[in-house]
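Q: Supplied structure: start_20.cif, mmCIF, C-alpha atoms.
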data_input
loop_
_atom_site.label_atom_id
_atom_site.label_comp_id
_atom_site.auth_asym_id
_atom_site.auth_seq_id
_atom_site.Cartn_x
_atom_site.Cartn_y
_atom_site.Cartn_z
CA MET A 170 -6.67 30.71 5.59
CA ASP A 171 -6.10 31.41 1.88
CA LYS A 172 -3.32 29.43 0.24
CA THR A 173 0.04 31.10 -0.39
CA LYS A 174 0.00 32.52 -3.93
CA ILE A 175 2.93 31.18 -5.93
CA ALA A 176 4.48 32.51 -9.14
CA VAL A 177 6.85 30.30 -11.12
CA LEU A 178 9.50 32.02 -13.26
CA VAL A 179 10.66 29.97 -16.24
CA SER A 180 12.79 30.18 -19.38
CA GLY A 181 12.68 26.78 -21.08
CA GLY A 182 11.00 23.39 -21.14
CA GLY A 183 9.36 23.69 -17.76
CA THR A 184 10.02 20.21 -16.33
CA ASN A 185 10.34 21.67 -12.82
CA LEU A 186 7.13 23.63 -13.39
CA GLN A 187 5.47 20.34 -14.36
CA ALA A 188 6.75 18.76 -11.12
CA LEU A 189 5.04 21.59 -9.20
CA ILE A 190 1.80 21.22 -11.20
CA ASP A 191 1.78 17.45 -10.52
CA ALA A 192 2.55 18.02 -6.82
CA GLU A 193 -0.37 20.43 -6.48
CA LYS A 194 -2.72 17.87 -8.11
CA LYS A 195 -1.48 15.10 -5.77
CA GLY A 196 -1.77 17.27 -2.65
CA VAL A 197 1.97 17.36 -1.95
CA LEU A 198 1.77 21.12 -2.50
CA LYS A 199 -1.26 21.94 -0.37
CA SER A 200 -0.35 25.18 1.46
CA GLY A 201 0.37 27.02 -1.80
CA LYS A 202 -1.47 27.65 -5.07
CA LEU A 203 0.24 28.01 -8.45
CA THR A 204 -1.22 31.37 -9.42
CA LEU A 205 1.02 32.77 -12.16
CA VAL A 206 3.77 31.66 -14.57
CA ILE A 207 6.15 34.25 -16.02
CA SER A 208 8.60 33.43 -18.82
CA ASN A 209 11.43 35.59 -20.14
CA ASN A 210 11.30 33.55 -23.35
CA ALA A 211 8.23 33.83 -25.59
CA ILE A 212 8.69 30.33 -27.07
CA ALA A 213 9.35 28.47 -23.80
CA HIS A 214 7.49 25.14 -23.67
CA ALA A 215 6.80 25.94 -20.02
CA LEU A 216 4.13 28.41 -21.25
CA THR A 217 2.28 25.50 -22.91
CA ARG A 218 2.47 23.53 -19.65
CA ALA A 219 0.99 26.50 -17.79
CA LYS A 220 -1.82 26.86 -20.33
CA ASP A 221 -2.61 23.12 -20.17
CA ALA A 222 -2.82 23.36 -16.37
CA GLY A 223 -5.03 26.46 -16.51
CA ILE A 224 -2.46 28.74 -14.86
CA PRO A 225 -2.35 32.35 -16.11
CA ALA A 226 0.95 33.04 -17.87
CA LEU A 227 2.86 36.10 -19.07
CA THR A 228 5.97 36.73 -21.13
CA ILE A 229 8.26 39.55 -19.97
CA THR A 230 11.63 39.92 -21.72
CA LYS A 231 14.59 42.14 -20.98
CA LYS A 232 14.81 42.90 -24.72
CA ASP A 233 11.26 44.30 -24.78
CA CYS A 234 11.81 46.23 -21.54
CA GLY A 235 15.11 47.75 -22.67
CA SER A 236 17.13 47.34 -19.47
CA GLN A 237 17.57 45.07 -16.45
CA GLU A 238 15.95 47.68 -14.22
CA ALA A 239 12.88 48.06 -16.45
CA PHE A 240 12.68 44.25 -16.79
CA GLU A 241 12.66 43.83 -13.01
CA ASP A 242 10.14 46.65 -12.62
CA ALA A 243 7.81 44.84 -15.04
CA LEU A 244 8.29 41.58 -13.14
CA MET A 245 7.56 43.26 -9.79
CA LYS A 246 4.46 44.95 -11.19
CA ALA A 247 3.06 41.62 -12.46
CA LEU A 248 3.92 39.82 -9.22
CA ASP A 249 2.47 42.50 -6.96
CA GLU A 250 -0.69 42.95 -9.06
CA ASN A 251 -1.34 39.22 -8.68
CA GLY A 252 -0.72 39.28 -4.92
CA ILE A 253 2.19 36.83 -5.23
CA GLU A 254 3.66 35.74 -1.89
CA LEU A 255 6.24 33.17 -3.04
CA ILE A 256 8.37 33.15 -6.19
CA VAL A 257 9.83 29.87 -7.48
CA LEU A 258 12.66 30.06 -10.02
CA ALA A 259 12.36 26.92 -12.16
CA GLY A 260 15.06 27.06 -14.82
CA PHE A 261 14.84 30.86 -14.96
CA MET A 262 17.88 32.00 -16.95
CA SER A 263 18.22 35.54 -15.66
CA ILE A 264 20.22 36.74 -12.67
CA LEU A 265 18.17 39.06 -10.47
CA SER A 266 19.59 42.16 -8.77
CA ALA A 267 19.87 42.89 -5.04
CA ARG A 268 17.05 45.41 -5.48
CA PHE A 269 14.71 42.68 -6.73
CA THR A 270 15.75 39.91 -4.34
CA GLY A 271 15.67 42.34 -1.40
CA HIS A 272 12.08 43.32 -2.27
CA TYR A 273 11.05 39.66 -1.83
CA GLU A 274 13.45 38.65 0.94
CA ASN A 275 12.96 34.98 1.96
CA ARG A 276 10.15 34.76 -0.62
CA ILE A 277 12.19 33.54 -3.63
CA ILE A 278 13.44 29.96 -3.95
CA ASN A 279 15.49 28.26 -6.62
CA VAL A 280 16.51 24.69 -7.43
CA HIS A 281 20.14 24.08 -8.46
CA PRO A 282 21.38 20.75 -9.88
CA SER A 283 24.29 20.15 -7.49
CA LEU A 284 24.97 19.87 -3.78
CA ILE A 285 25.79 23.51 -3.01
CA PRO A 286 28.52 24.71 -2.36
CA SER A 287 29.88 22.39 -5.10
CA PHE A 288 29.54 23.36 -8.77
CA CYS A 289 27.48 26.50 -8.23
CA GLY A 290 27.62 30.25 -8.73
CA LYS A 291 28.07 32.32 -11.86
CA GLY A 292 28.38 30.25 -15.04
CA PHE A 293 27.16 27.01 -13.47
CA TYR A 294 23.80 26.15 -15.02
CA GLY A 295 22.19 23.34 -16.98
CA LEU A 296 24.53 20.71 -18.42
CA LYS A 297 27.59 22.77 -17.40
CA VAL A 298 26.99 21.75 -13.77
CA HIS A 299 26.99 18.04 -14.63
CA GLU A 300 29.97 18.39 -16.97
CA ALA A 301 31.92 19.98 -14.09
CA ALA A 302 30.90 17.25 -11.62
CA LEU A 303 32.04 14.50 -14.03
CA ALA A 304 35.28 16.32 -14.88
CA TYR A 305 36.10 16.66 -11.19
CA GLY A 306 35.42 12.99 -10.57
CA VAL A 307 33.02 13.29 -7.63
CA LYS A 308 31.09 10.11 -6.80
CA VAL A 309 27.95 11.83 -5.46
CA THR A 310 26.04 14.86 -6.71
CA GLY A 311 22.42 15.94 -6.25
CA ALA A 312 20.20 18.98 -6.07
CA THR A 313 19.70 21.89 -3.70
CA VAL A 314 16.74 24.18 -3.13
CA HIS A 315 17.79 27.48 -1.60
CA TYR A 316 16.54 30.97 -0.92
CA VAL A 317 17.61 33.49 -3.55
CA ASN A 318 19.68 36.58 -2.84
CA GLU A 319 21.84 38.78 -5.07
CA ILE A 320 24.66 36.19 -5.13
CA PRO A 321 24.06 33.41 -7.68
CA ASP A 322 23.28 30.23 -5.68
CA GLY A 323 24.31 32.13 -2.55
CA GLY A 324 21.14 32.07 -0.43
CA ARG A 325 20.38 29.92 2.61
CA ILE A 326 19.86 26.20 1.84
CA ILE A 327 16.33 24.81 2.40
CA LEU A 328 16.65 21.17 1.23
CA GLN A 329 19.26 18.94 -0.40
CA LYS A 330 19.16 15.43 -1.84
CA ALA A 331 22.11 13.32 -2.95
CA VAL A 332 22.22 11.30 -6.17
CA PRO A 333 24.96 8.76 -7.08
CA ILE A 334 27.20 9.21 -10.10
CA LEU A 335 27.63 6.01 -12.12
CA PRO A 336 30.86 5.00 -13.92
CA ASP A 337 29.36 5.29 -17.42
CA ASP A 338 27.50 8.58 -16.84
CA THR A 339 27.43 11.33 -19.44
CA PRO A 340 26.38 14.89 -18.59
CA LYS A 341 22.93 14.14 -20.09
CA SER A 342 22.37 10.86 -18.25
CA LEU A 343 23.46 12.51 -15.00
CA GLN A 344 21.20 15.50 -15.62
CA LYS A 345 18.24 13.15 -16.14
CA ARG A 346 18.95 11.22 -12.92
CA VAL A 347 19.38 14.40 -10.87
CA MET A 348 16.09 15.77 -12.21
CA GLU A 349 14.11 12.57 -11.61
CA ARG A 350 15.59 11.60 -8.23
CA ALA A 351 16.19 15.02 -6.71
CA GLU A 352 14.94 18.20 -8.44
CA TRP A 353 11.38 17.07 -9.17
CA ILE A 354 11.00 15.79 -5.59
CA LEU A 355 12.78 18.57 -3.68
CA LEU A 356 11.27 21.61 -5.41
CA PRO A 357 7.62 20.76 -4.58
CA GLU A 358 8.63 19.79 -1.01
CA ALA A 359 10.43 23.10 -0.54
CA ALA A 360 7.56 25.06 -2.10
CA GLU A 361 5.21 23.40 0.41
CA LEU A 362 7.54 24.13 3.35
CA VAL A 363 7.92 27.80 2.48
CA SER A 364 4.21 28.21 1.57
CA ALA A 365 3.29 26.84 5.02
CA GLN A 366 5.75 29.29 6.64
CA VAL A 367 4.21 32.20 4.73
CA GLN A 368 0.76 31.14 5.93
CA LYS A 369 1.95 30.93 9.54
CA HIS A 370 3.48 34.39 9.24
CA LYS A 371 0.16 35.74 7.89
CA GLU A 372 -1.76 34.17 10.78
CA TYR A 373 0.70 35.61 13.28
CA ARG A 374 0.24 39.13 11.85
CA GLN A 375 -3.57 38.97 11.87
#
Can I see the file as structure tokens?

A:
Amino acid sequence: MDKTKIAVLVSGGGTNLQALIDAEKKGVLKSGKLTLVISNNAIAHALTRAKDAGIPALTITKKDCGSQEAFEDALMKALDENGIELIVLAGFMSILSARFTGHYENRIINVHPSLIPSFCGKGFYGLKVHEAALAYGVKVTGATVHYVNEIPDGGRIILQKAVPILPDDTPKSLQKRVMERAEWILLPEAAELVSAQVQKHKEYRQ
């Protein structure tokens, strides 16, 4: 059985992409193959990571496409032309419409740096999530990998991992701990889980 073809959508540094690349090399991600990287930011360092790993990469921006609909059409065209079966959002800073998420139902996953339903939804991304957790005074945070639907951070949860908050934490120190202890571990595990499910579904249909 061919491996599940995975596309990773990125916007920035690509640390979560790197976690996936490393997981594929180590055999943690064995049911899926990183086949394509798409960035909506032409200067994203994630594109360099893709190139270094020998993964084909594209840049598609909403500005170049002219509208959200045209942007999503261009994304879908690239994904479908490459036979993509699973889409991983790894720091992808663009909310996708119901039309897009519905086209790939249960085939898009995202990692969010909190224990959903805490500190999630519209406006909660990057350091803002950790700032909110510290401001609220919670003692435990973490990361969540979930399926993506039209509601930001609203899809079914796949995996979660808790991370302690320390008394002297800053948003940046907390972000680093959540990445190292949760995001970079959970995202490859979830990609493997869903890739294996996609393979089983293919076998069932044959």

Q: What residues come out when you apply the PyMOL selection byres ((chain A and resi 199) around 10) to this file, written as a list in words?

A: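 When the PyMOL selection byres ((chain A and resi 199) around 10) is applied to the shown file, the picked residues are Lys172, Thr173, Ala192, Glu193, Lys194, Lys195, Gly196, Val197, Leu198, Ser200, Gly201, Lys202, Pro357, Ala360, Glu361, Leu362, Ser364 and Ala365 of chain A.
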
Q: On this structure, the PyMOL selection byres ((chain A and resi 260-277) around 6) would catch which residues? List them as JSON, numbers by chain, sorted by chain and number.

A: {"A": [178, 179, 180, 255, 256, 257, 258, 259, 278, 316, 317, 318, 319]}

Q: Excluding Val347 in chain A and its own-chain neighbours fewer than 2 positions away, which residues fall within 7 Å of it when counting all atoms listed in the file? Please give them as a PyMOL selection string.

A: chain A and resi 282+311-312+332+343-345+349-352

Q: Evaluating the PyMOL selection byres ((chain A and resi 244) around 10) on the displayed file yields which residues, as a count of residues only?

A: 21

Q: Between CA of Ala176 in chain A and CA of Lys369 in chain A, what is the spacing in Å?

A: 18.9 Å

Q: Which value, in Å to one decimal, gives the distance between CA of Ala222 in chain A and CA of Lys341 in chain A?

A: 27.6 Å

Q: Counting all atoms listed in the file, figure out which residue out of A:His214, A:Ser236, A:Gly290, A:Glu254 gets nearest to Gln366 in chain A.

A: A:Glu254

Q: Could you check which of A:Val177, A:Val314, A:Val206, A:Asp337 is closest to Glu358 in chain A, using only C-alpha atoms?

A: A:Val314

Q: Between CA of Lys232 in chain A and CA of Lys220 in chain A, measure the distance and give it in Å to one decimal.

A: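 About the pair CA of Lys232 in chain A and CA of Lys220 in chain A: they are 23.5 Å apart.
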
Q: Of the residues A:Leu335, A:Ile285, A:Pro340, A:Ile224, which is the one nearest to Ala301 in chain A, using only C-alpha atoms?

A: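 That would be A:Pro340, the residue with the smallest distance to Ala301 in chain A.
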
Q: Considering only C-alpha atoms, state which residue in the set A:Cys289, A:Val307, A:Ala302, A:Leu203 is at the smallest distance from Ile320 in chain A.

A: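 Selected residue with least distance to Ile320 in chain A: A:Cys289.
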
Q: I need the residue nearest Glu300 in chain A from this list: A:Asn210, A:Asn279, A:Gln329, A:Ser342. Use all atoms listed in the file for the distance.

A: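 Closest to Glu300 in chain A, using all atoms listed in the file: A:Ser342.
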
Q: Find, counting only C-alpha atoms, the residue in A:Val309, A:Ile175, A:Leu355, A:Ala211 that gets nearest to Pro336 in chain A.

A: A:Val309

Q: With only C-alpha atoms as the counted atoms, please give the residues lying no more than 7 Å from Trp353 in chain A, apart from itself and same-chain residues fewer than 5 positions off, as a short mmCIF file (atom, residue, chain, number, x, y, z; two decimals) with C-alpha atoms, keeping the file's coordinate frame.

A:
data_model
loop_
_atom_site.label_atom_id
_atom_site.label_comp_id
_atom_site.auth_asym_id
_atom_site.auth_seq_id
_atom_site.Cartn_x
_atom_site.Cartn_y
_atom_site.Cartn_z
CA ASN A 185 10.34 21.67 -12.82
CA ALA A 188 6.75 18.76 -11.12
CA MET A 348 16.09 15.77 -12.21
#

Q: Please report, as lines of an AutoDock Vina configuration file, the centre and edge lengths in Å to one decimal of an axis-aligned box covering all listed atoms of range 290-298 of chain A with 8 Å per side.

A:
center_x = 25.3
center_y = 26.5
center_z = -13.6
size_x = 22.2
size_y = 27.6
size_z = 25.7
